[in-house]
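One file, target_39.cif, is given below (mmCIF, N, CA and C atoms).
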data_entry
loop_
_atom_site.label_atom_id
_atom_site.label_comp_id
_atom_site.auth_asym_id
_atom_site.auth_seq_id
_atom_site.Cartn_x
_atom_site.Cartn_y
_atom_site.Cartn_z
N MET A 1 -28.01 17.83 22.92
CA MET A 1 -28.78 17.28 21.83
C MET A 1 -28.00 17.34 20.52
N GLY A 2 -27.30 18.43 20.33
CA GLY A 2 -26.51 18.57 19.11
C GLY A 2 -25.43 17.51 19.00
N LEU A 3 -24.77 17.24 20.13
CA LEU A 3 -23.73 16.22 20.15
C LEU A 3 -24.30 14.83 19.85
N ILE A 4 -25.44 14.54 20.42
CA ILE A 4 -26.09 13.25 20.15
C ILE A 4 -26.44 13.14 18.67
N GLY A 5 -26.97 14.22 18.11
CA GLY A 5 -27.30 14.22 16.68
C GLY A 5 -26.07 14.02 15.82
N ALA A 6 -24.97 14.67 16.17
CA ALA A 6 -23.73 14.52 15.40
C ALA A 6 -23.21 13.09 15.48
N GLU A 7 -23.29 12.49 16.66
CA GLU A 7 -22.85 11.10 16.81
C GLU A 7 -23.72 10.15 16.00
N LEU A 8 -25.03 10.36 16.04
CA LEU A 8 -25.93 9.52 15.24
C LEU A 8 -25.63 9.64 13.76
N TRP A 9 -25.42 10.87 13.29
CA TRP A 9 -25.09 11.07 11.87
C TRP A 9 -23.80 10.34 11.53
N TRP A 10 -22.79 10.48 12.37
CA TRP A 10 -21.48 9.89 12.10
C TRP A 10 -21.58 8.37 11.96
N PHE A 11 -22.27 7.74 12.87
CA PHE A 11 -22.32 6.28 12.88
C PHE A 11 -23.38 5.69 11.96
N MET A 12 -24.42 6.44 11.64
CA MET A 12 -25.50 5.87 10.85
C MET A 12 -25.50 6.36 9.40
N PHE A 13 -25.11 7.59 9.16
CA PHE A 13 -25.28 8.16 7.83
C PHE A 13 -23.98 8.53 7.14
N ASN A 14 -22.88 8.51 7.83
CA ASN A 14 -21.60 8.83 7.23
C ASN A 14 -21.21 7.71 6.26
N LYS A 15 -21.05 8.03 5.02
CA LYS A 15 -20.73 7.03 3.99
C LYS A 15 -19.22 6.82 3.93
N THR A 16 -18.83 5.56 3.90
CA THR A 16 -17.42 5.26 3.73
C THR A 16 -17.08 5.37 2.26
N LYS A 17 -15.82 5.63 1.99
CA LYS A 17 -15.35 5.70 0.62
C LYS A 17 -14.55 4.44 0.35
N SER A 18 -14.96 3.70 -0.68
CA SER A 18 -14.35 2.41 -0.98
C SER A 18 -13.75 2.43 -2.38
N GLN A 19 -12.67 1.68 -2.54
CA GLN A 19 -12.04 1.57 -3.86
C GLN A 19 -11.26 0.27 -3.95
N LYS A 20 -11.29 -0.32 -5.12
CA LYS A 20 -10.49 -1.51 -5.39
C LYS A 20 -9.09 -1.03 -5.80
N ALA A 21 -8.07 -1.66 -5.24
CA ALA A 21 -6.69 -1.29 -5.56
C ALA A 21 -6.40 -1.58 -7.03
N GLN A 22 -5.59 -0.74 -7.64
CA GLN A 22 -5.16 -0.92 -9.03
C GLN A 22 -3.80 -1.60 -9.04
N THR A 23 -3.63 -2.58 -9.92
CA THR A 23 -2.35 -3.29 -9.99
C THR A 23 -1.43 -2.59 -10.98
N LYS A 24 -0.22 -2.26 -10.49
CA LYS A 24 0.82 -1.62 -11.31
C LYS A 24 2.11 -2.39 -11.10
N GLN A 25 2.64 -2.96 -12.14
CA GLN A 25 3.90 -3.70 -12.10
C GLN A 25 3.88 -4.78 -11.01
N GLY A 26 2.76 -5.49 -10.92
CA GLY A 26 2.65 -6.62 -10.00
C GLY A 26 2.34 -6.27 -8.56
N ILE A 27 2.10 -4.98 -8.28
CA ILE A 27 1.78 -4.55 -6.91
C ILE A 27 0.43 -3.83 -6.93
N GLN A 28 -0.46 -4.26 -6.05
CA GLN A 28 -1.73 -3.56 -5.90
C GLN A 28 -1.45 -2.26 -5.17
N GLU A 29 -1.99 -1.17 -5.70
CA GLU A 29 -1.64 0.14 -5.15
C GLU A 29 -2.89 0.99 -4.99
N VAL A 30 -2.91 1.76 -3.90
CA VAL A 30 -4.02 2.68 -3.67
C VAL A 30 -3.50 3.92 -2.96
N ASN A 31 -4.08 5.06 -3.31
CA ASN A 31 -3.71 6.34 -2.71
C ASN A 31 -4.77 6.73 -1.70
N ILE A 32 -4.34 7.11 -0.50
CA ILE A 32 -5.24 7.44 0.59
C ILE A 32 -4.92 8.85 1.08
N MET A 33 -5.93 9.73 1.03
CA MET A 33 -5.77 11.09 1.54
C MET A 33 -6.02 11.07 3.04
N VAL A 34 -5.13 11.71 3.79
CA VAL A 34 -5.26 11.79 5.24
C VAL A 34 -5.61 13.24 5.58
N ASP A 35 -6.90 13.47 5.80
CA ASP A 35 -7.39 14.81 6.09
C ASP A 35 -8.70 14.66 6.86
N ASP A 36 -8.65 14.87 8.15
CA ASP A 36 -9.80 14.63 9.03
C ASP A 36 -10.27 13.19 8.89
N GLY A 37 -9.32 12.28 8.93
CA GLY A 37 -9.60 10.85 8.76
C GLY A 37 -8.94 10.36 7.48
N TYR A 38 -9.43 9.22 7.00
CA TYR A 38 -8.87 8.60 5.80
C TYR A 38 -9.90 8.62 4.69
N THR A 39 -9.53 9.19 3.56
CA THR A 39 -10.37 9.17 2.37
C THR A 39 -9.58 8.41 1.34
N LEU A 40 -9.73 7.37 1.28
CA LEU A 40 -10.41 6.11 1.26
C LEU A 40 -10.30 5.44 2.61
N ASP A 41 -11.40 4.92 3.09
CA ASP A 41 -11.32 4.20 4.35
C ASP A 41 -11.78 2.75 4.21
N ARG A 42 -12.02 2.31 2.98
CA ARG A 42 -12.34 0.91 2.71
C ARG A 42 -11.69 0.54 1.38
N ILE A 43 -10.72 -0.37 1.44
CA ILE A 43 -9.92 -0.74 0.28
C ILE A 43 -10.11 -2.22 -0.01
N GLU A 44 -10.33 -2.55 -1.27
CA GLU A 44 -10.50 -3.94 -1.67
C GLU A 44 -9.26 -4.39 -2.43
N VAL A 45 -8.68 -5.52 -1.99
CA VAL A 45 -7.47 -6.06 -2.59
C VAL A 45 -7.62 -7.56 -2.79
N THR A 46 -6.74 -8.14 -3.58
CA THR A 46 -6.69 -9.58 -3.77
C THR A 46 -5.73 -10.18 -2.76
N ALA A 47 -6.19 -11.22 -2.06
CA ALA A 47 -5.37 -11.88 -1.05
C ALA A 47 -4.14 -12.52 -1.67
N GLY A 48 -3.03 -12.51 -0.93
CA GLY A 48 -1.81 -13.18 -1.35
C GLY A 48 -0.93 -12.39 -2.29
N GLU A 49 -1.33 -11.19 -2.65
CA GLU A 49 -0.54 -10.34 -3.56
C GLU A 49 -0.07 -9.09 -2.80
N PRO A 50 1.10 -8.56 -3.15
CA PRO A 50 1.61 -7.37 -2.47
C PRO A 50 0.69 -6.16 -2.67
N VAL A 51 0.59 -5.36 -1.61
CA VAL A 51 -0.23 -4.14 -1.62
C VAL A 51 0.63 -2.98 -1.16
N ARG A 52 0.58 -1.88 -1.90
CA ARG A 52 1.27 -0.65 -1.49
C ARG A 52 0.20 0.39 -1.16
N LEU A 53 0.23 0.87 0.08
CA LEU A 53 -0.68 1.93 0.51
C LEU A 53 0.10 3.24 0.53
N ASN A 54 -0.36 4.21 -0.25
CA ASN A 54 0.28 5.53 -0.34
C ASN A 54 -0.57 6.53 0.44
N PHE A 55 -0.08 6.98 1.57
CA PHE A 55 -0.80 7.93 2.42
C PHE A 55 -0.27 9.34 2.16
N TYR A 56 -1.17 10.26 1.79
CA TYR A 56 -0.81 11.67 1.63
C TYR A 56 -1.48 12.45 2.76
N ARG A 57 -0.67 12.94 3.69
CA ARG A 57 -1.21 13.61 4.88
C ARG A 57 -1.31 15.11 4.69
N GLN A 58 -2.55 15.64 4.79
CA GLN A 58 -2.80 17.07 4.74
C GLN A 58 -3.19 17.63 6.11
N ASP A 59 -3.64 16.76 7.00
CA ASP A 59 -4.14 17.16 8.31
C ASP A 59 -2.97 17.31 9.29
N PRO A 60 -2.79 18.48 9.89
CA PRO A 60 -1.65 18.69 10.78
C PRO A 60 -1.85 18.15 12.19
N SER A 61 -3.01 17.59 12.51
CA SER A 61 -3.25 17.14 13.88
C SER A 61 -2.32 15.99 14.24
N SER A 62 -1.92 15.96 15.50
CA SER A 62 -0.96 14.95 15.95
C SER A 62 -1.55 13.54 15.90
N CYS A 63 -2.85 13.42 15.96
CA CYS A 63 -3.50 12.11 15.91
C CYS A 63 -3.18 11.38 14.60
N LEU A 64 -3.05 12.12 13.53
CA LEU A 64 -2.85 11.53 12.22
C LEU A 64 -1.39 11.52 11.77
N GLU A 65 -0.46 11.68 12.71
CA GLU A 65 0.97 11.64 12.39
C GLU A 65 1.46 10.23 12.08
N GLN A 66 0.67 9.24 12.46
CA GLN A 66 1.11 7.86 12.28
C GLN A 66 -0.09 7.00 11.89
N VAL A 67 0.17 6.00 11.07
CA VAL A 67 -0.86 5.00 10.75
C VAL A 67 -0.33 3.65 11.24
N LEU A 68 -1.23 2.89 11.88
CA LEU A 68 -0.88 1.59 12.44
C LEU A 68 -1.62 0.49 11.69
N LEU A 69 -0.90 -0.59 11.37
CA LEU A 69 -1.48 -1.78 10.75
C LEU A 69 -1.17 -2.96 11.68
N PRO A 70 -1.97 -3.13 12.74
CA PRO A 70 -1.64 -4.10 13.79
C PRO A 70 -1.57 -5.55 13.30
N ASP A 71 -2.37 -5.92 12.32
CA ASP A 71 -2.35 -7.30 11.82
C ASP A 71 -1.03 -7.64 11.12
N PHE A 72 -0.30 -6.62 10.72
CA PHE A 72 0.98 -6.82 10.02
C PHE A 72 2.16 -6.38 10.89
N ASN A 73 1.88 -5.96 12.13
CA ASN A 73 2.91 -5.45 13.04
C ASN A 73 3.71 -4.33 12.40
N LYS A 74 2.99 -3.40 11.75
CA LYS A 74 3.66 -2.30 11.06
C LYS A 74 3.06 -0.97 11.49
N ALA A 75 3.91 0.05 11.48
CA ALA A 75 3.51 1.42 11.73
C ALA A 75 4.25 2.31 10.75
N LEU A 76 3.62 3.39 10.35
CA LEU A 76 4.24 4.31 9.40
C LEU A 76 4.04 5.73 9.89
N ASP A 77 5.15 6.48 10.03
CA ASP A 77 5.07 7.90 10.35
C ASP A 77 4.71 8.64 9.08
N LEU A 78 3.74 9.57 9.20
CA LEU A 78 3.27 10.31 8.04
C LEU A 78 3.75 11.75 8.10
N THR A 79 4.52 12.14 7.12
CA THR A 79 5.04 13.50 7.03
C THR A 79 3.97 14.40 6.42
N LEU A 80 3.79 15.58 7.00
CA LEU A 80 2.78 16.53 6.53
C LEU A 80 3.07 16.96 5.10
N ASN A 81 2.05 16.95 4.26
CA ASN A 81 2.09 17.37 2.86
C ASN A 81 3.06 16.54 2.01
N GLN A 82 3.21 15.28 2.37
CA GLN A 82 4.03 14.37 1.58
C GLN A 82 3.36 13.01 1.53
N THR A 83 3.73 12.21 0.53
CA THR A 83 3.24 10.85 0.41
C THR A 83 4.23 9.91 1.08
N ASN A 84 3.73 9.09 1.96
CA ASN A 84 4.52 8.04 2.61
C ASN A 84 3.85 6.72 2.30
N SER A 85 4.64 5.72 1.95
CA SER A 85 4.11 4.44 1.49
C SER A 85 4.53 3.30 2.41
N ILE A 86 3.68 2.29 2.44
CA ILE A 86 3.96 1.07 3.18
C ILE A 86 3.46 -0.11 2.36
N GLU A 87 4.22 -1.20 2.38
CA GLU A 87 3.82 -2.39 1.62
C GLU A 87 3.50 -3.53 2.57
N ILE A 88 2.43 -4.25 2.24
CA ILE A 88 1.99 -5.40 3.02
C ILE A 88 1.59 -6.51 2.06
N VAL A 89 1.46 -7.72 2.59
CA VAL A 89 0.93 -8.84 1.81
C VAL A 89 -0.14 -9.52 2.67
N PRO A 90 -1.41 -9.19 2.44
CA PRO A 90 -2.48 -9.83 3.19
C PRO A 90 -2.72 -11.24 2.64
N LYS A 91 -2.39 -12.25 3.41
CA LYS A 91 -2.40 -13.62 2.91
C LYS A 91 -3.76 -14.31 3.02
N LYS A 92 -4.57 -13.91 3.98
CA LYS A 92 -5.85 -14.58 4.22
C LYS A 92 -7.01 -13.71 3.76
N LEU A 93 -8.13 -14.35 3.43
CA LEU A 93 -9.36 -13.62 3.13
C LEU A 93 -9.90 -13.03 4.42
N GLY A 94 -10.47 -11.86 4.31
CA GLY A 94 -11.05 -11.22 5.49
C GLY A 94 -10.82 -9.73 5.47
N GLU A 95 -10.86 -9.14 6.64
CA GLU A 95 -10.68 -7.70 6.77
C GLU A 95 -9.53 -7.40 7.73
N TYR A 96 -8.75 -6.39 7.36
CA TYR A 96 -7.63 -5.93 8.16
C TYR A 96 -7.86 -4.45 8.45
N ILE A 97 -7.67 -4.05 9.69
CA ILE A 97 -7.91 -2.68 10.12
C ILE A 97 -6.61 -1.88 10.08
N PHE A 98 -6.71 -0.59 9.69
CA PHE A 98 -5.62 0.35 9.92
C PHE A 98 -6.20 1.54 10.67
N THR A 99 -5.40 2.10 11.58
CA THR A 99 -5.88 3.19 12.44
C THR A 99 -4.83 4.29 12.55
N CYS A 100 -5.30 5.42 13.06
CA CYS A 100 -4.36 6.48 13.40
C CYS A 100 -3.64 6.08 14.69
N GLY A 101 -2.66 6.84 15.08
CA GLY A 101 -1.89 6.53 16.27
C GLY A 101 -2.70 6.54 17.55
N MET A 102 -3.80 7.27 17.58
CA MET A 102 -4.64 7.34 18.77
C MET A 102 -5.88 6.45 18.66
N ASN A 103 -5.99 5.71 17.58
CA ASN A 103 -7.12 4.80 17.35
C ASN A 103 -8.46 5.51 17.23
N MET A 104 -8.44 6.78 16.81
CA MET A 104 -9.68 7.54 16.64
C MET A 104 -10.22 7.40 15.22
N TYR A 105 -9.33 7.31 14.25
CA TYR A 105 -9.73 7.17 12.84
C TYR A 105 -9.29 5.79 12.39
N ARG A 106 -10.10 5.18 11.54
CA ARG A 106 -9.75 3.83 11.08
C ARG A 106 -10.24 3.60 9.67
N GLY A 107 -9.62 2.60 9.07
CA GLY A 107 -10.00 2.15 7.74
C GLY A 107 -9.91 0.63 7.70
N VAL A 108 -10.39 0.06 6.60
CA VAL A 108 -10.43 -1.39 6.45
C VAL A 108 -9.84 -1.78 5.10
N ILE A 109 -9.01 -2.81 5.14
CA ILE A 109 -8.52 -3.44 3.91
C ILE A 109 -9.25 -4.77 3.81
N LYS A 110 -10.08 -4.92 2.79
CA LYS A 110 -10.86 -6.16 2.62
C LYS A 110 -10.20 -6.98 1.53
N THR A 111 -9.88 -8.23 1.86
CA THR A 111 -9.24 -9.10 0.87
C THR A 111 -10.29 -10.00 0.23
N GLU A 112 -10.07 -10.24 -1.05
CA GLU A 112 -10.95 -11.11 -1.82
C GLU A 112 -10.11 -12.17 -2.51
N ALA A 113 -10.74 -13.24 -2.95
CA ALA A 113 -10.04 -14.30 -3.67
C ALA A 113 -9.65 -13.81 -5.06
N ASP A 114 -8.59 -14.37 -5.59
CA ASP A 114 -8.15 -14.08 -6.96
C ASP A 114 -9.22 -14.55 -7.93
N GLU A 115 -9.66 -13.66 -8.82
CA GLU A 115 -10.75 -13.99 -9.75
C GLU A 115 -10.29 -14.77 -10.97
N SER A 116 -9.01 -14.91 -11.18
CA SER A 116 -8.54 -15.59 -12.40
C SER A 116 -8.44 -17.08 -12.23
#

Could I get this file's structure written as structure tokens?
Amino acid sequence: MGLIGAELWWFMFNKTKSQKAQTKQGIQEVNIMVDDGYTLDRIEVTAGEPVRLNFYRQDPSSCLEQVLLPDFNKALDLTLNQTNSIEIVPKKLGEYIFTCGMNMYRGVIKTEADES
């Protein structure tokens, strides 16, 4: 019963953390803490512009040693207690998934149209 309750809480009541990327010197940038998953796990960016994802890994579990961005055919090894960065350019509107190496933890990059 406890396991069922934990699963229900995780899927129904666990709040995602979302943030719009900040543009610095022409690159949209966001910092993501890797500790028992991804904190931020929902990122909003403008389509067609470069994005830099900065992952800071605090969790020593082997599952979180790597982040995969399958839509971009990219993978990044994450060093413990260091920031590792990867750059992408999401060209289309929509959502792009990133996951841990074992596909247990995931996040979403949501692209929006340029507002200008």

I need the residue set behind the PyMOL selection byres (((chain A and resi 109 and name CA) around 6) and name CA) for this file; please write it as an mmCIF file with N, CA and C atoms, in the coordinates of the input.
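This is the output file expr-v7.cif:
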data_model
loop_
_atom_site.group_PDB
_atom_site.id
_atom_site.type_symbol
_atom_site.label_atom_id
_atom_site.label_comp_id
_atom_site.auth_asym_id
_atom_site.auth_seq_id
_atom_site.Cartn_x
_atom_site.Cartn_y
_atom_site.Cartn_z
ATOM 1 N N ARG A 42 -12.020 2.310 2.980
ATOM 2 C CA ARG A 42 -12.340 0.910 2.710
ATOM 3 C C ARG A 42 -11.690 0.540 1.380
ATOM 4 N N ILE A 43 -10.720 -0.370 1.440
ATOM 5 C CA ILE A 43 -9.920 -0.740 0.280
ATOM 6 C C ILE A 43 -10.110 -2.220 -0.010
ATOM 7 N N GLU A 44 -10.330 -2.550 -1.270
ATOM 8 C CA GLU A 44 -10.500 -3.940 -1.670
ATOM 9 C C GLU A 44 -9.260 -4.390 -2.430
ATOM 10 N N GLU A 95 -10.860 -9.140 6.640
ATOM 11 C CA GLU A 95 -10.680 -7.700 6.770
ATOM 12 C C GLU A 95 -9.530 -7.400 7.730
ATOM 13 N N TYR A 96 -8.750 -6.390 7.360
ATOM 14 C CA TYR A 96 -7.630 -5.930 8.160
ATOM 15 C C TYR A 96 -7.860 -4.450 8.450
ATOM 16 N N VAL A 108 -10.390 0.060 6.600
ATOM 17 C CA VAL A 108 -10.430 -1.390 6.450
ATOM 18 C C VAL A 108 -9.840 -1.780 5.100
ATOM 19 N N LYS A 110 -10.080 -4.920 2.790
ATOM 20 C CA LYS A 110 -10.860 -6.160 2.620
ATOM 21 C C LYS A 110 -10.200 -6.980 1.530
#

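Taking CA of Ile27 in chain A and CA of Gln58 in chain A as endpoints, the distance between them is 25.0 Å.
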
Picked residues, the PyMOL selection byres ((chain A and resi 84) around 7), as an MDAnalysis selection string: chainID A and resid 53:57 77:79 82:83 85:86

For a cut-off of 10 Å around (-1.5, -2.1, -7.4), file coordinates, pick out all residues using only C-alpha atoms and list them as a PyMOL selection string. chain A and resi 20-31+45-46+49-53

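Note that atom N of Lys74 in chain A and atom N of Ala113 in chain A are 22.4 Å apart.
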
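You can rank A:Gly48, A:Gly37, A:Pro90, A:Gly101 by their closest distance to Cys63 in chain A using only C-alpha atoms, and at the top of that list sits A:Gly101.
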
Given the file shown, enumerate the residues that the PyMOL selection byres ((chain A and resi 59) around 7) captures and present them as a short mmCIF file (atom, residue, chain, number, x, y, z; two decimals) with N, CA and C atoms, in the coordinates of the input.
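Below you can see part.cif, which holds the result:
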data_model
loop_
_atom_site.label_atom_id
_atom_site.label_comp_id
_atom_site.auth_asym_id
_atom_site.auth_seq_id
_atom_site.Cartn_x
_atom_site.Cartn_y
_atom_site.Cartn_z
N VAL A 34 -5.13 11.71 3.79
CA VAL A 34 -5.26 11.79 5.24
C VAL A 34 -5.61 13.24 5.58
N ASP A 35 -6.90 13.47 5.80
CA ASP A 35 -7.39 14.81 6.09
C ASP A 35 -8.70 14.66 6.86
N ASP A 36 -8.65 14.87 8.15
CA ASP A 36 -9.80 14.63 9.03
C ASP A 36 -10.27 13.19 8.89
N TYR A 56 -1.17 10.26 1.79
CA TYR A 56 -0.81 11.67 1.63
C TYR A 56 -1.48 12.45 2.76
N ARG A 57 -0.67 12.94 3.69
CA ARG A 57 -1.21 13.61 4.88
C ARG A 57 -1.31 15.11 4.69
N GLN A 58 -2.55 15.64 4.79
CA GLN A 58 -2.80 17.07 4.74
C GLN A 58 -3.19 17.63 6.11
N PRO A 60 -2.79 18.48 9.89
CA PRO A 60 -1.65 18.69 10.78
C PRO A 60 -1.85 18.15 12.19
N SER A 61 -3.01 17.59 12.51
CA SER A 61 -3.25 17.14 13.88
C SER A 61 -2.32 15.99 14.24
N SER A 62 -1.92 15.96 15.50
CA SER A 62 -0.96 14.95 15.95
C SER A 62 -1.55 13.54 15.90
N LEU A 64 -3.05 12.12 13.53
CA LEU A 64 -2.85 11.53 12.22
C LEU A 64 -1.39 11.52 11.77
N LEU A 80 3.79 15.58 7.00
CA LEU A 80 2.78 16.53 6.53
C LEU A 80 3.07 16.96 5.10
N ASN A 81 2.05 16.95 4.26
CA ASN A 81 2.09 17.37 2.86
C ASN A 81 3.06 16.54 2.01
#

Enumerate the residues of chain A with a DSSP assignment of strand (DSSP E), computed from the backbone, and present them as a ChimeraX atom specification. /A:18-20,22-24,27-34,38-39,42-46,51-57,66-69,74-77,83-88,94-100,106-112

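Pairwise distance (CA of Pro70 in chain A, CA of Asp114 in chain A) equals 23.9 Å.
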
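The neighbours of Leu40 in chain A here are the residues that come within 8 Å of it, using only C-alpha atoms and leaving out any residue fewer than 2 positions away in the same chain; they are A:Thr16, A:Lys17, A:Ser18, A:Gln19, A:Asn31, A:Ile32, A:Met33, A:Tyr38, A:Arg42, A:Ile43, A:Gly107.
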
Just the selected residues (N, CA and C atoms), exported as a PDB file, in the coordinates of the input, please.
ATOM      1  N   THR A  16     -18.830   5.560   3.900  1.00  0.00           N
ATOM      2  CA  THR A  16     -17.420   5.260   3.730  1.00  0.00           C
ATOM      3  C   THR A  16     -17.080   5.370   2.260  1.00  0.00           C
ATOM      4  N   LYS A  17     -15.820   5.630   1.990  1.00  0.00           N
ATOM      5  CA  LYS A  17     -15.350   5.700   0.620  1.00  0.00           C
ATOM      6  C   LYS A  17     -14.550   4.440   0.350  1.00  0.00           C
ATOM      7  N   SER A  18     -14.960   3.700  -0.680  1.00  0.00           N
ATOM      8  CA  SER A  18     -14.350   2.410  -0.980  1.00  0.00           C
ATOM      9  C   SER A  18     -13.750   2.430  -2.380  1.00  0.00           C
ATOM     10  N   GLN A  19     -12.670   1.680  -2.540  1.00  0.00           N
ATOM     11  CA  GLN A  19     -12.040   1.570  -3.860  1.00  0.00           C
ATOM     12  C   GLN A  19     -11.260   0.270  -3.950  1.00  0.00           C
ATOM     13  N   ASN A  31      -4.080   5.060  -3.310  1.00  0.00           N
ATOM     14  CA  ASN A  31      -3.710   6.340  -2.710  1.00  0.00           C
ATOM     15  C   ASN A  31      -4.770   6.730  -1.700  1.00  0.00           C
ATOM     16  N   ILE A  32      -4.340   7.110  -0.500  1.00  0.00           N
ATOM     17  CA  ILE A  32      -5.240   7.440   0.590  1.00  0.00           C
ATOM     18  C   ILE A  32      -4.920   8.850   1.080  1.00  0.00           C
ATOM     19  N   MET A  33      -5.930   9.730   1.030  1.00  0.00           N
ATOM     20  CA  MET A  33      -5.770  11.090   1.540  1.00  0.00           C
ATOM     21  C   MET A  33      -6.020  11.070   3.040  1.00  0.00           C
ATOM     22  N   TYR A  38      -9.430   9.220   7.000  1.00  0.00           N
ATOM     23  CA  TYR A  38      -8.870   8.600   5.800  1.00  0.00           C
ATOM     24  C   TYR A  38      -9.900   8.620   4.690  1.00  0.00           C
ATOM     25  N   ARG A  42     -12.020   2.310   2.980  1.00  0.00           N
ATOM     26  CA  ARG A  42     -12.340   0.910   2.710  1.00  0.00           C
ATOM     27  C   ARG A  42     -11.690   0.540   1.380  1.00  0.00           C
ATOM     28  N   ILE A  43     -10.720  -0.370   1.440  1.00  0.00           N
ATOM     29  CA  ILE A  43      -9.920  -0.740   0.280  1.00  0.00           C
ATOM     30  C   ILE A  43     -10.110  -2.220  -0.010  1.00  0.00           C
ATOM     31  N   GLY A 107      -9.620   2.600   9.070  1.00  0.00           N
ATOM     32  CA  GLY A 107     -10.000   2.150   7.740  1.00  0.00           C
ATOM     33  C   GLY A 107      -9.910   0.630   7.700  1.00  0.00           C
TER      34      GLY A 107
END

With only C-alpha atoms as the counted atoms, please give the residues lying no more than 9 Å from Asn103 in chain A, apart from itself and same-chain residues fewer than 4 positions off, as number ranges by chain. A: 63, 68, 98-99

Run DSSP on the backbone and tell me which residues of chain A come out as alpha helix (DSSP H); list them as a VMD selection string. chain A and resid 2 to 8

Just-selected residues, N, CA and C atoms written as a PDB file, in the frame of the given file:
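Writing the result to result-v7.pdb gives the following:
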ATOM      1  N   GLY A   2     -27.300  18.430  20.330  1.00  0.00           N
ATOM      2  CA  GLY A   2     -26.510  18.570  19.110  1.00  0.00           C
ATOM      3  C   GLY A   2     -25.430  17.510  19.000  1.00  0.00           C
ATOM      4  N   LEU A   3     -24.770  17.240  20.130  1.00  0.00           N
ATOM      5  CA  LEU A   3     -23.730  16.220  20.150  1.00  0.00           C
ATOM      6  C   LEU A   3     -24.300  14.830  19.850  1.00  0.00           C
ATOM      7  N   ILE A   4     -25.440  14.540  20.420  1.00  0.00           N
ATOM      8  CA  ILE A   4     -26.090  13.250  20.150  1.00  0.00           C
ATOM      9  C   ILE A   4     -26.440  13.140  18.670  1.00  0.00           C
ATOM     10  N   GLY A   5     -26.970  14.220  18.110  1.00  0.00           N
ATOM     11  CA  GLY A   5     -27.300  14.220  16.680  1.00  0.00           C
ATOM     12  C   GLY A   5     -26.070  14.020  15.820  1.00  0.00           C
ATOM     13  N   ALA A   6     -24.970  14.670  16.170  1.00  0.00           N
ATOM     14  CA  ALA A   6     -23.730  14.520  15.400  1.00  0.00           C
ATOM     15  C   ALA A   6     -23.210  13.090  15.480  1.00  0.00           C
ATOM     16  N   GLU A   7     -23.290  12.490  16.660  1.00  0.00           N
ATOM     17  CA  GLU A   7     -22.850  11.100  16.810  1.00  0.00           C
ATOM     18  C   GLU A   7     -23.720  10.150  16.000  1.00  0.00           C
ATOM     19  N   LEU A   8     -25.030  10.360  16.040  1.00  0.00           N
ATOM     20  CA  LEU A   8     -25.930   9.520  15.240  1.00  0.00           C
ATOM     21  C   LEU A   8     -25.630   9.640  13.760  1.00  0.00           C
TER      22      LEU A   8
END
